[in-house]
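To be precise, the following lines are protein.csv, and they hold CSV, C-alpha atoms.
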```
chain,number,residue,atom,x,y,z
A,90,MET,CA,-44.9,6.4,-46.9
A,91,PRO,CA,-44.9,9.5,-49.0
A,92,LEU,CA,-48.3,10.2,-50.5
A,93,SER,CA,-48.7,9.9,-54.3
A,94,ASN,CA,-49.2,12.9,-56.5
A,95,THR,CA,-52.8,12.2,-57.4
A,96,LYS,CA,-53.5,15.8,-58.5
A,97,VAL,CA,-50.8,16.1,-61.1
A,98,ALA,CA,-51.6,12.6,-62.4
A,99,ASP,CA,-55.3,13.3,-62.7
A,100,GLU,CA,-54.8,16.5,-64.6
A,101,GLY,CA,-53.4,14.6,-67.6
A,102,THR,CA,-50.6,17.1,-68.3
A,103,SER,CA,-48.0,14.5,-69.2
A,104,ALA,CA,-48.7,15.1,-72.9
A,105,HIS,CA,-46.5,18.2,-72.9
A,106,PRO,CA,-43.4,18.3,-70.8
A,107,LEU,CA,-43.6,22.1,-70.4
A,108,GLN,CA,-47.1,21.9,-69.1
A,109,GLU,CA,-46.3,18.9,-66.9
A,110,GLY,CA,-43.5,20.8,-65.3
A,111,GLN,CA,-45.7,23.9,-64.7
A,112,ALA,CA,-48.4,21.7,-63.1
A,113,THR,CA,-45.9,20.0,-60.8
A,114,VAL,CA,-44.4,23.4,-59.7
A,115,ASP,CA,-47.9,24.8,-59.1
A,116,SER,CA,-48.8,21.7,-57.0
A,117,LEU,CA,-45.6,22.0,-55.0
A,118,THR,CA,-46.2,25.7,-54.4
A,119,LYS,CA,-49.7,25.0,-53.0
A,120,VAL,CA,-48.5,22.2,-50.7
A,121,VAL,CA,-45.6,24.3,-49.4
A,122,ALA,CA,-48.0,27.2,-48.8
A,123,CYS,CA,-50.1,24.8,-46.8
A,124,TYR,CA,-47.1,23.6,-44.8
A,125,ARG,CA,-46.2,27.2,-44.0
A,126,HIS,CA,-49.7,27.8,-42.8
A,127,LEU,CA,-49.5,24.7,-40.5
A,128,ALA,CA,-46.0,25.7,-39.3
A,129,SER,CA,-47.3,29.0,-38.1
A,130,CYS,CA,-49.6,27.1,-35.6
A,131,ILE,CA,-46.9,24.9,-34.0
A,132,GLY,CA,-46.1,25.9,-30.4
A,133,SER,CA,-49.3,28.0,-30.2
A,134,SER,CA,-52.7,27.3,-28.5
A,135,THR,CA,-53.8,25.4,-31.6
A,136,ASP,CA,-50.9,22.9,-31.5
A,137,SER,CA,-51.8,19.3,-31.0
A,138,VAL,CA,-51.0,15.8,-32.0
A,139,SER,CA,-53.3,16.1,-35.0
A,140,LEU,CA,-51.3,19.2,-36.2
A,141,ARG,CA,-48.0,17.4,-36.0
A,142,GLN,CA,-49.5,14.5,-38.1
A,143,GLU,CA,-50.8,17.0,-40.6
A,144,LEU,CA,-47.3,18.6,-40.8
A,145,ARG,CA,-45.8,15.2,-41.4
A,146,GLN,CA,-48.3,14.3,-44.2
A,147,THR,CA,-47.9,17.6,-45.9
A,148,ARG,CA,-44.1,17.4,-45.7
A,149,GLU,CA,-44.1,13.9,-47.2
A,150,ARG,CA,-46.3,15.1,-50.1
A,151,ALA,CA,-44.1,18.2,-50.7
A,152,GLN,CA,-41.0,15.9,-50.8
A,153,THR,CA,-42.6,13.7,-53.3
A,154,LEU,CA,-43.5,16.6,-55.6
A,155,ALA,CA,-40.1,18.2,-55.1
A,156,LEU,CA,-38.3,15.0,-56.2
A,157,SER,CA,-40.5,14.7,-59.3
A,158,CYS,CA,-40.1,18.3,-60.1
A,159,ARG,CA,-36.3,18.3,-59.7
A,160,ASN,CA,-35.9,15.2,-62.0
A,161,HIS,CA,-38.2,16.7,-64.6
A,162,LEU,CA,-36.7,20.2,-64.8
A,163,THR,CA,-33.1,18.9,-64.5
A,164,ALA,CA,-33.6,16.7,-67.5
A,165,ARG,CA,-35.2,19.5,-69.5
A,166,LEU,CA,-32.6,22.1,-68.8
A,167,ARG,CA,-29.7,19.7,-69.6
A,168,ASP,CA,-31.3,18.8,-72.9
A,169,LYS,CA,-29.2,20.5,-75.7
A,170,ALA,CA,-32.0,20.1,-78.2
A,171,LEU,CA,-34.4,22.3,-76.2
A,172,SER,CA,-35.6,25.4,-78.1
A,173,GLU,CA,-34.8,28.9,-76.8
A,174,GLU,CA,-38.4,29.7,-76.0
A,175,GLU,CA,-39.0,26.5,-74.0
A,176,ARG,CA,-35.7,26.9,-72.3
A,177,LYS,CA,-36.8,30.3,-71.0
A,178,GLU,CA,-40.0,28.9,-69.7
A,179,THR,CA,-38.3,26.0,-68.1
A,180,GLU,CA,-35.8,28.4,-66.4
A,181,LEU,CA,-38.8,30.3,-65.0
A,182,GLN,CA,-40.1,27.1,-63.6
A,183,TRP,CA,-36.7,26.2,-62.2
A,184,VAL,CA,-36.5,29.6,-60.4
A,185,ALA,CA,-40.0,29.1,-58.9
A,186,PHE,CA,-39.2,25.6,-57.9
A,187,SER,CA,-35.9,26.4,-56.2
A,188,SER,CA,-37.3,29.4,-54.4
A,189,CYS,CA,-40.2,27.3,-53.2
A,190,LEU,CA,-37.9,24.6,-52.0
A,191,GLU,CA,-35.8,27.1,-50.0
A,192,LEU,CA,-39.0,28.4,-48.3
A,193,PHE,CA,-39.9,24.8,-47.5
A,194,HIS,CA,-36.5,24.1,-46.0
A,195,ALA,CA,-36.8,27.2,-43.8
A,196,ASP,CA,-40.2,26.2,-42.6
A,197,MET,CA,-38.9,22.7,-41.8
A,198,CYS,CA,-36.1,24.1,-39.7
A,199,LYS,CA,-38.7,26.3,-37.9
A,200,VAL,CA,-40.9,23.3,-37.1
A,201,TYR,CA,-37.9,21.3,-35.9
A,202,HIS,CA,-36.6,24.0,-33.5
A,203,ILE,CA,-40.1,25.0,-32.2
A,204,GLY,CA,-41.0,21.3,-31.8
A,205,ASN,CA,-38.0,20.8,-29.6
A,206,CYS,CA,-39.1,23.7,-27.4
A,207,PHE,CA,-42.8,22.8,-27.2
A,208,SER,CA,-43.6,19.2,-26.6
A,209,VAL,CA,-47.1,17.9,-27.1
A,210,ALA,CA,-46.4,14.6,-25.4
A,211,LYS,CA,-45.1,16.3,-22.3
A,212,ASN,CA,-48.0,18.8,-22.2
A,213,SER,CA,-45.7,21.8,-22.5
A,214,ALA,CA,-47.3,25.2,-21.9
A,215,MET,CA,-48.1,26.6,-25.3
A,216,VAL,CA,-48.2,30.2,-26.4
A,217,GLN,CA,-51.7,31.6,-26.2
A,218,THR,CA,-52.0,33.3,-29.5
A,219,GLY,CA,-55.8,33.6,-29.5
A,220,MET,CA,-56.2,31.4,-32.6
A,221,GLN,CA,-59.0,28.9,-32.6
A,222,GLY,CA,-59.8,25.8,-34.6
A,223,GLY,CA,-57.6,23.6,-36.7
A,224,ALA,CA,-56.1,23.5,-40.1
A,225,THR,CA,-57.3,20.1,-41.2
A,226,GLU,CA,-59.4,21.4,-44.0
A,227,VAL,CA,-56.5,23.5,-45.4
A,228,ALA,CA,-54.2,20.5,-45.3
A,229,ALA,CA,-56.8,18.2,-46.9
A,230,ARG,CA,-57.3,20.6,-49.8
A,231,ALA,CA,-53.6,20.9,-50.4
A,232,LEU,CA,-53.1,17.2,-50.3
A,233,SER,CA,-56.1,16.6,-52.7
A,234,MET,CA,-57.8,14.4,-50.2
A,235,PRO,CA,-61.4,14.5,-49.1
A,236,ASP,CA,-60.4,14.3,-45.5
A,237,LEU,CA,-57.3,13.5,-43.4
A,238,GLN,CA,-57.1,10.3,-41.5
A,239,GLU,CA,-58.1,10.7,-37.8
A,240,HIS,CA,-55.2,10.0,-35.4
A,241,SER,CA,-55.2,9.2,-31.8
A,242,ASP,CA,-54.7,12.1,-29.4
A,243,VAL,CA,-52.2,10.0,-27.4
A,244,GLN,CA,-48.5,10.5,-28.3
A,245,THR,CA,-45.6,9.3,-26.2
A,246,ALA,CA,-42.4,11.1,-25.8
A,247,SER,CA,-40.6,8.4,-27.7
A,248,MET,CA,-42.9,8.8,-30.7
A,249,GLU,CA,-42.4,12.5,-30.7
A,250,GLY,CA,-38.6,12.1,-30.5
A,251,LEU,CA,-38.8,9.7,-33.4
A,252,ASP,CA,-40.7,12.3,-35.5
A,253,GLN,CA,-38.2,15.0,-34.6
A,254,SER,CA,-35.3,12.7,-35.6
A,255,GLN,CA,-37.0,11.9,-38.9
A,256,LEU,CA,-37.6,15.6,-39.5
A,257,GLU,CA,-33.9,16.3,-38.9
A,258,GLN,CA,-33.0,13.7,-41.5
A,259,GLU,CA,-35.4,15.2,-44.0
A,260,ILE,CA,-34.0,18.7,-43.4
A,261,ALA,CA,-30.6,17.4,-44.2
A,262,GLN,CA,-32.0,15.7,-47.3
A,263,VAL,CA,-33.6,18.9,-48.6
A,264,ASP,CA,-30.4,20.8,-47.9
A,265,CYS,CA,-28.4,18.2,-50.0
A,266,THR,CA,-31.0,18.5,-52.7
A,267,LEU,CA,-30.6,22.3,-52.9
A,268,GLU,CA,-26.8,21.9,-53.2
A,269,ASP,CA,-27.2,19.1,-55.8
A,270,MET,CA,-29.5,21.4,-57.9
A,271,GLU,CA,-26.9,24.2,-58.0
A,272,MET,CA,-24.2,21.7,-59.1
A,273,LYS,CA,-26.3,20.1,-61.9
A,274,VAL,CA,-28.0,23.2,-63.3
A,275,ASN,CA,-26.4,26.6,-63.5
A,276,VAL,CA,-29.4,29.0,-63.8
A,277,LEU,CA,-28.6,32.5,-62.5
A,278,ARG,CA,-31.8,33.8,-60.9
A,279,TRP,CA,-31.2,37.4,-61.6
A,280,THR,CA,-30.9,36.7,-65.3
A,281,VAL,CA,-34.3,35.1,-65.6
A,282,GLU,CA,-36.9,37.6,-66.7
A,283,ALA,CA,-40.4,37.4,-65.2
A,284,ARG,CA,-43.0,36.6,-67.9
A,285,GLY,CA,-46.7,36.0,-68.0
A,286,PRO,CA,-50.1,37.8,-68.3
A,287,GLN,CA,-49.4,39.9,-65.2
A,288,TYR,CA,-46.2,41.2,-66.9
A,289,ALA,CA,-47.6,41.7,-70.4
A,290,ASP,CA,-48.3,45.4,-70.1
A,291,PRO,CA,-46.4,46.7,-67.1
A,292,VAL,CA,-46.7,50.3,-66.0
A,293,SER,CA,-43.5,52.1,-66.9
A,294,ALA,CA,-41.7,53.7,-64.0
A,295,ASP,CA,-40.7,56.6,-66.2
A,296,SER,CA,-44.4,57.2,-67.2
A,297,ALA,CA,-45.4,57.0,-63.6
A,298,SER,CA,-42.7,59.5,-62.6
A,299,LEU,CA,-43.7,61.8,-65.4
A,300,ALA,CA,-47.3,61.6,-64.2
A,301,LEU,CA,-46.4,62.4,-60.7
A,302,LEU,CA,-44.2,65.3,-61.9
A,303,SER,CA,-47.1,66.7,-64.0
A,304,VAL,CA,-49.4,66.5,-61.0
A,305,ASP,CA,-46.8,68.3,-58.8
A,306,GLU,CA,-46.4,71.0,-61.5
A,307,ASP,CA,-50.1,71.6,-61.6
A,308,VAL,CA,-50.3,71.8,-57.8
A,309,SER,CA,-47.2,74.1,-57.6
A,310,GLY,CA,-48.5,76.2,-60.5
A,311,SER,CA,-51.8,76.9,-58.8
A,312,PHE,CA,-50.0,77.6,-55.5
A,313,CYS,CA,-47.8,80.1,-57.3
A,314,ASP,CA,-50.7,81.9,-58.9
A,315,ARG,CA,-52.4,82.3,-55.5
A,316,SER,CA,-49.2,83.5,-53.9
A,317,GLN,CA,-48.7,86.2,-56.6
A,318,MET,CA,-52.3,87.4,-56.2
A,319,PHE,CA,-51.8,87.7,-52.5
A,320,VAL,CA,-48.6,89.7,-52.9
A,321,VAL,CA,-50.3,92.1,-55.4
A,322,LEU,CA,-53.2,92.6,-53.1
A,323,LEU,CA,-50.8,93.2,-50.2
A,324,LEU,CA,-48.8,95.8,-52.2
A,325,CYS,CA,-52.0,97.6,-53.3
A,326,GLY,CA,-53.2,97.7,-49.7
A,327,VAL,CA,-49.9,99.2,-48.5
A,328,ALA,CA,-50.0,101.8,-51.3
A,329,VAL,CA,-53.6,102.8,-50.4
A,330,VAL,CA,-52.6,103.1,-46.7
A,331,ALA,CA,-49.5,105.2,-47.7
A,332,VAL,CA,-51.7,107.6,-49.8
A,333,VAL,CA,-54.2,108.0,-47.1
A,334,LEU,CA,-51.5,108.7,-44.5
A,335,SER,CA,-49.9,111.3,-46.8
A,336,VAL,CA,-53.2,113.1,-47.4
A,337,CYS,CA,-53.9,113.2,-43.6
A,338,VAL,CA,-50.5,114.7,-42.9
A,339,VAL,CA,-51.0,117.4,-45.5
A,340,PHE,CA,-54.4,118.5,-44.2
A,341,LEU,CA,-53.4,118.3,-40.6
A,342,ALA,CA,-50.3,120.4,-41.2
```
When written as structure tokens, how does the structure in this file appear?
Amino acid sequence: MPLSNTKVADEGTSAHPLQEGQATVDSLTKVVACYRHLASCIGSSTDSVSLRQELRQTRERAQTLALSCRNHLTARLRDKALSEEERKETELQWVAFSSCLELFHADMCKVYHIGNCFSVAKNSAMVQTGMQGGATEVAARALSMPDLQEHSDVQTASMEGLDQSQLEQEIAQVDCTLEDMEMKVNVLRWTVEARGPQYADPVSADSASLALLSVDEDVSGSFCDRSQMFVVLLLCGVAVVAVVLSVCVVFLA
């Protein structure tokens, strides 16, 4: 069964819908990042039955959060009484959520295809990447659990095939969710402006360009001054040599 969203519930953010949506998006982002970390280990020397179980648990948690986040944000964006400021914030959360869900879908497809190529039950030859250790601690932190449940190291081919079949169904489900989101809410991503503390005082590109140009002008100015001095000294030297040669010619004649 999908794991419950204990982290979001414990934070007590249901008092304000905007903060509740942000908390859910943040939790989903963390879980999807954990799933991506685990997916990078599949088919490698650190692949094991335990890793496949951690992937399944993390995937179930991400799907639970994605369903909650989709329902919450869809209801908010379809609310005609929503203020302009809150709508902008909710659109930002929607863009972050949809982008996160697309990354999750891509990682699920990756796990499915690599899982078909490298079987743990059949003791397939794994790719020796040089990685050591597991990712149990990372998955446990992302799932807000003190520790993951220990699983048996024995997995039959039928059990692995069942997991792959379930994963294929979940990929199709996430794909349908993405299409359903585009049909219900029409938020153009390129029209949503990034906001937040990191964007409060951005460095202007024009200012940066002017600063680079001023530095270039200083460097080129100093270079021109040195070049002019060298030319003057060279002309003076040529003039001195010409005078000396003319004097020698007069006296020798």
Worksheet entry | Neighbour residues at most 12 Å from (-41.3, 21.9, -33.1) (all atoms listed in the file) as number ranges by chain | A: 127-133, 136-138, 140-141, 144-145, 196-210, 213, 215, 249-250, 252-254, 256-257
Discussion item. If I take atom CA of Asp264 of chain A and atom CA of Leu190 of chain A, how far is one from the other in Å, to one decimal?
Written reply: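 According to the coordinates, atom CA of Asp264 of chain A and atom CA of Leu190 of chain A are separated by 9.4 Å.
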Worksheet item: Counting all atoms listed in the file, what is within 10 Å of segment 266-269 of chain A, bar same-chain residues fewer than 3 positions away, as a PyMOL selection string?
Response: chain A and resi 155-156+159+187-188+190-191+194+260-263+272-274
Practice prompt. Quote the spacing between atom CA of Cys189 of chain A and atom CA of Val114 of chain A in Å to one decimal place.
Written response: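 For atom CA of Cys189 of chain A relative to atom CA of Val114 of chain A, the distance reads 8.7 Å.
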Discussion item. Please compute the atom CA of Leu154 of chain A-atom CA of Leu181 of chain A distance, one decimal, in Å.
Written reply: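 Pair atom CA of Leu154 of chain A / atom CA of Leu181 of chain A returns 17.3 Å.
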